[in-house]
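The structure appears right after this line, and notes come after that.
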Amino acid sequence: MGSGIAQVAAQAGYNVIMNDVKEEFIDRGFNNITKLLEGRVKKEKITEADKEAILGRISKSVEFEAAKNADFIIEAAFENLEVKKTIFQQLDTICGDDVIFASNTSSIPITTLAATTQRPDRFIGMHFFSPVPVMRLVEVIPALKTSEQSIKSTEELAAKMGKETVRVKDVPGFLVNRANAAFRAECFKCLLEGVASLEDIDKAIKLGLNHPMGPFELADFVGVEIGYSVFKTLYEGYKDPKFAPSLILEKLVISGDLGRKTGKGWYDYTSGEKKPRTDIKF
Ligand SMILES: NC(=O)c1ccc[n+]([C@@H]2O[C@H](COP(=O)([O-])OP(=O)(O)OC[C@H]3O[C@@H](n4cnc5c(N)ncnc54)[C@H](O)[C@@H]3O)[C@@H](O)[C@H]2O)c1
């Protein structure tokens with residue numbers, strides 16, 4: 001998500017500093033951006049000079065100090081409260097008072113994150129969708145004390161990045177993940193009841209509802225652990241049994257089968273292609 005966000009910001013003309021815990025992780029993201037831009041040059045959507053200019057606006061740093069002169073922060077680190085809290089508390093002492101902090105969290109309440117900083121009025125949720133350069137929506141989620149000025153600045157920034165925005169309350173799952181989780185929960189139930197095979201559920205949802213990916217393909221694409229966090233947050237937040245994370249989902253996360261990025265999730269990608277799993281039976 002971080003590299004996608006960096007890409008759309010640089011495409012919009014902003015200077016971007018990419019930060020991660022290791023240089024190799026930033027390089028991986030930067031290489032992704034380079035590949036995607038090369039694809040756009042090939043398709044004649046942008047020129048070689050555009051590509052170079054976009055890449056030239058992106059710098060890399062593993063040090064938070066580099067954010068000293070930043071005008072806006074967008075955080076997209078691990079979906080873990082402690083990790084995000086540590087990041088924001090460090091940045092709070094480094095960044096100027098007028099800087100807005102945005103989190104791309106999928107499931108942590110924005111007000112909880114805002115309360116860990118000294119700038120709860122300049123803290124906001126900015127929820128992008130994957131893949132960021134393609135997906136047009138950003139959910140803008142004000143925390144309890146976010147000022148109207150901070151909301152407007154965030155909406156303007158998202159618009160400059162080529163995104164449409166919707167203002168959404170800071171409720172568990174926000175809007176899109178809440179609606180999507182209810183839908184996915186039903187698909188999980190169909191799988192467990194044996195209504196159809198996993199592959200056929202994906203096929204049916206794609207061809208019958210015109211979704212670009214089936215629910216299991218999408219889960220692997222997004223990261224199985226992200227979906228699991230969303231279900232847990234929704235279940236804890238609404239106490240509605242429909243959001244109870246399915247046991248098989250929990251087992252996949254515990255086993256480290258997080259989807260495409262680990263080679264296995266609902267499908268097996270270890271051959272380089274998406275294949276049904278033969279080592280476990282759902
Ligand atoms: N995957 C999606 O489709 C999606 C969609 C919307 C929002 N999100 C949210 O975006 C965030 C990132 O998700 P992702 O799928 O890109 O995860 P990811 O695990 O692919 O990437 C997270 C990155 O954060 C880095 N990181 C971890 N701790 C850090 C720290 N202390 N300082 C700097 N960098 C650190 C990691 O090294 C890693 O490169 C999560 O909060 C997730 O909920 C994800």
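Chains: A, B, ... in order of the structure tokens. Residues: from 1 per chain. Ligands: from 1, in order shown.
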
Please, which residues have at least one atom within 7 Å of an atom of ligand 1, using only C-alpha atoms and all ligand atoms, listed as a ChimeraX atom specification? /A:1-2,19-22,25,76-79,83-84,87,104-107,127-130,222-223,226

Next, the residues of the selection above should be written as a tab-separated table (two decimals), in the first residue's frame with C-alpha atoms.
chain	number	residue	atom	x	y	z
A	1	MET	CA	0.00	0.00	0.00
A	2	GLY	CA	2.82	2.36	0.90
A	19	ASN	CA	10.05	5.31	4.83
A	20	ASP	CA	10.37	1.72	6.03
A	21	VAL	CA	12.41	-0.14	8.63
A	22	LYS	CA	14.95	-1.46	6.12
A	25	PHE	CA	11.93	-2.86	1.85
A	76	ALA	CA	0.74	2.48	5.94
A	77	ALA	CA	2.81	0.26	8.27
A	78	PHE	CA	1.76	-3.12	9.70
A	79	GLU	CA	-1.84	-3.38	10.90
A	83	VAL	CA	3.61	-0.35	15.65
A	84	LYS	CA	1.47	2.56	14.49
A	87	ILE	CA	5.53	5.65	14.59
A	104	ASN	CA	-4.31	4.03	6.08
A	105	THR	CA	-5.41	1.52	8.74
A	106	SER	CA	-8.11	-0.95	7.69
A	107	SER	CA	-9.46	-1.65	11.13
A	127	HIS	CA	-8.23	4.65	3.68
A	128	PHE	CA	-6.96	3.74	0.22
A	129	PHE	CA	-7.84	0.56	-1.68
A	130	SER	CA	-5.56	-1.94	-3.36
A	222	VAL	CA	-5.08	-8.00	0.01
A	223	GLY	CA	-3.40	-10.22	2.64
A	226	ILE	CA	-5.73	-7.88	6.93

Nearby residues (only C-alpha atoms) at most 12 Å from A:Asn15, same-chain spacing under 2 positions excluded, as a PDB file with N, CA and C atoms, in the first residue's frame:
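The new file part_2.pdb reads:
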ATOM      1  N   ALA A   6       2.711   6.267  -2.401  1.00  0.00           N
ATOM      2  CA  ALA A   6       3.841   7.116  -2.819  1.00  0.00           C
ATOM      3  C   ALA A   6       3.744   7.410  -4.314  1.00  0.00           C
ATOM      4  N   GLN A   7       3.384   6.385  -5.086  1.00  0.00           N
ATOM      5  CA  GLN A   7       3.292   6.568  -6.542  1.00  0.00           C
ATOM      6  C   GLN A   7       2.239   7.605  -6.916  1.00  0.00           C
ATOM      7  N   VAL A   8       1.027   7.466  -6.359  1.00  0.00           N
ATOM      8  CA  VAL A   8      -0.024   8.407  -6.785  1.00  0.00           C
ATOM      9  C   VAL A   8       0.284   9.829  -6.298  1.00  0.00           C
ATOM     10  N   ALA A   9       0.965   9.937  -5.157  1.00  0.00           N
ATOM     11  CA  ALA A   9       1.331  11.273  -4.664  1.00  0.00           C
ATOM     12  C   ALA A   9       2.386  11.893  -5.589  1.00  0.00           C
ATOM     13  N   ALA A  10       3.380  11.088  -5.982  1.00  0.00           N
ATOM     14  CA  ALA A  10       4.434  11.607  -6.878  1.00  0.00           C
ATOM     15  C   ALA A  10       3.844  11.929  -8.248  1.00  0.00           C
ATOM     16  N   GLN A  11       2.906  11.095  -8.714  1.00  0.00           N
ATOM     17  CA  GLN A  11       2.242  11.368 -10.003  1.00  0.00           C
ATOM     18  C   GLN A  11       1.493  12.697  -9.963  1.00  0.00           C
ATOM     19  N   ALA A  12       0.999  13.037  -8.752  1.00  0.00           N
ATOM     20  CA  ALA A  12       0.242  14.283  -8.600  1.00  0.00           C
ATOM     21  C   ALA A  12       1.172  15.488  -8.476  1.00  0.00           C
ATOM     22  N   GLY A  13       2.481  15.239  -8.494  1.00  0.00           N
ATOM     23  CA  GLY A  13       3.438  16.352  -8.461  1.00  0.00           C
ATOM     24  C   GLY A  13       4.042  16.616  -7.087  1.00  0.00           C
ATOM     25  N   ILE A  17       8.681  11.245   0.465  1.00  0.00           N
ATOM     26  CA  ILE A  17       9.746  10.478   1.118  1.00  0.00           C
ATOM     27  C   ILE A  17       9.146   9.144   1.532  1.00  0.00           C
ATOM     28  N   MET A  18       9.699   8.052   1.004  1.00  0.00           N
ATOM     29  CA  MET A  18       9.229   6.721   1.407  1.00  0.00           C
ATOM     30  C   MET A  18      10.049   6.277   2.603  1.00  0.00           C
ATOM     31  N   ALA A  53      10.529  11.955 -14.199  1.00  0.00           N
ATOM     32  CA  ALA A  53      10.155  13.074 -13.320  1.00  0.00           C
ATOM     33  C   ALA A  53       9.433  12.549 -12.077  1.00  0.00           C
ATOM     34  N   ILE A  54       8.523  11.563 -12.292  1.00  0.00           N
ATOM     35  CA  ILE A  54       7.770  10.999 -11.145  1.00  0.00           C
ATOM     36  C   ILE A  54       8.746  10.316 -10.185  1.00  0.00           C
ATOM     37  N   LEU A  55       9.618   9.481 -10.745  1.00  0.00           N
ATOM     38  CA  LEU A  55      10.579   8.772  -9.876  1.00  0.00           C
ATOM     39  C   LEU A  55      11.516   9.766  -9.181  1.00  0.00           C
ATOM     40  N   GLY A  56      11.841  10.845  -9.894  1.00  0.00           N
ATOM     41  CA  GLY A  56      12.749  11.866  -9.334  1.00  0.00           C
ATOM     42  C   GLY A  56      12.144  12.596  -8.139  1.00  0.00           C
ATOM     43  N   ARG A  57      10.827  12.549  -8.032  1.00  0.00           N
ATOM     44  CA  ARG A  57      10.186  13.222  -6.886  1.00  0.00           C
ATOM     45  C   ARG A  57      10.140  12.326  -5.648  1.00  0.00           C
ATOM     46  N   ILE A  58      10.574  11.071  -5.798  1.00  0.00           N
ATOM     47  CA  ILE A  58      10.509  10.140  -4.652  1.00  0.00           C
ATOM     48  C   ILE A  58      11.900   9.952  -4.053  1.00  0.00           C
ATOM     49  N   SER A  59      12.030  10.238  -2.773  1.00  0.00           N
ATOM     50  CA  SER A  59      13.284   9.927  -2.082  1.00  0.00           C
ATOM     51  C   SER A  59      13.005   8.872  -1.023  1.00  0.00           C
ATOM     52  N   LYS A  60      14.088   8.290  -0.490  1.00  0.00           N
ATOM     53  CA  LYS A  60      13.925   7.160   0.436  1.00  0.00           C
ATOM     54  C   LYS A  60      14.671   7.464   1.726  1.00  0.00           C
ATOM     55  N   ALA A  67      11.393  13.288   7.917  1.00  0.00           N
ATOM     56  CA  ALA A  67      10.035  13.853   7.824  1.00  0.00           C
ATOM     57  C   ALA A  67       9.946  15.245   8.460  1.00  0.00           C
ATOM     58  N   ASN A  69      10.632  18.163   7.433  1.00  0.00           N
ATOM     59  CA  ASN A  69      10.041  19.220   6.605  1.00  0.00           C
ATOM     60  C   ASN A  69       8.800  18.768   5.837  1.00  0.00           C
ATOM     61  N   ALA A  70       8.268  17.618   6.225  1.00  0.00           N
ATOM     62  CA  ALA A  70       7.086  17.110   5.503  1.00  0.00           C
ATOM     63  C   ALA A  70       5.876  17.992   5.797  1.00  0.00           C
ATOM     64  N   ASP A  71       4.968  18.076   4.815  1.00  0.00           N
ATOM     65  CA  ASP A  71       3.729  18.844   5.005  1.00  0.00           C
ATOM     66  C   ASP A  71       2.567  17.938   5.408  1.00  0.00           C
ATOM     67  N   PHE A  72       2.696  16.643   5.104  1.00  0.00           N
ATOM     68  CA  PHE A  72       1.586  15.713   5.338  1.00  0.00           C
ATOM     69  C   PHE A  72       2.186  14.317   5.528  1.00  0.00           C
ATOM     70  N   ILE A  73       1.665  13.579   6.466  1.00  0.00           N
ATOM     71  CA  ILE A  73       2.164  12.213   6.710  1.00  0.00           C
ATOM     72  C   ILE A  73       1.059  11.219   6.365  1.00  0.00           C
TER      73      ILE A  73
END

Show which residues sit within 10 Å of A:Lys145, as a list in words. Count only C-alpha atoms, and ignore same-chain residues fewer than 6 positions away. Thr111, Ala114, Ala115, Arg119, Pro120, Asp121, Arg122, Phe123 and Ile124 of chain A

Among stretch 21-132 of chain A, which residues does DSSP mark as strand (DSSP E) when it is run on the backbone? Keep the chain and numbering as in the structure and answer as JSON, numbers by chain. {"A": [58, 59, 60, 61, 72, 73, 74, 75, 100, 101, 102, 103, 123, 124, 125, 126, 127]}

Between A:Ser103, A:Thr233, A:Asn32, A:Thr86, which has the minimum distance to A:Thr116 (counting only C-alpha atoms)?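 Ranking A:Ser103, A:Thr233, A:Asn32, A:Thr86 by distance to A:Thr116, first place goes to A:Thr86.
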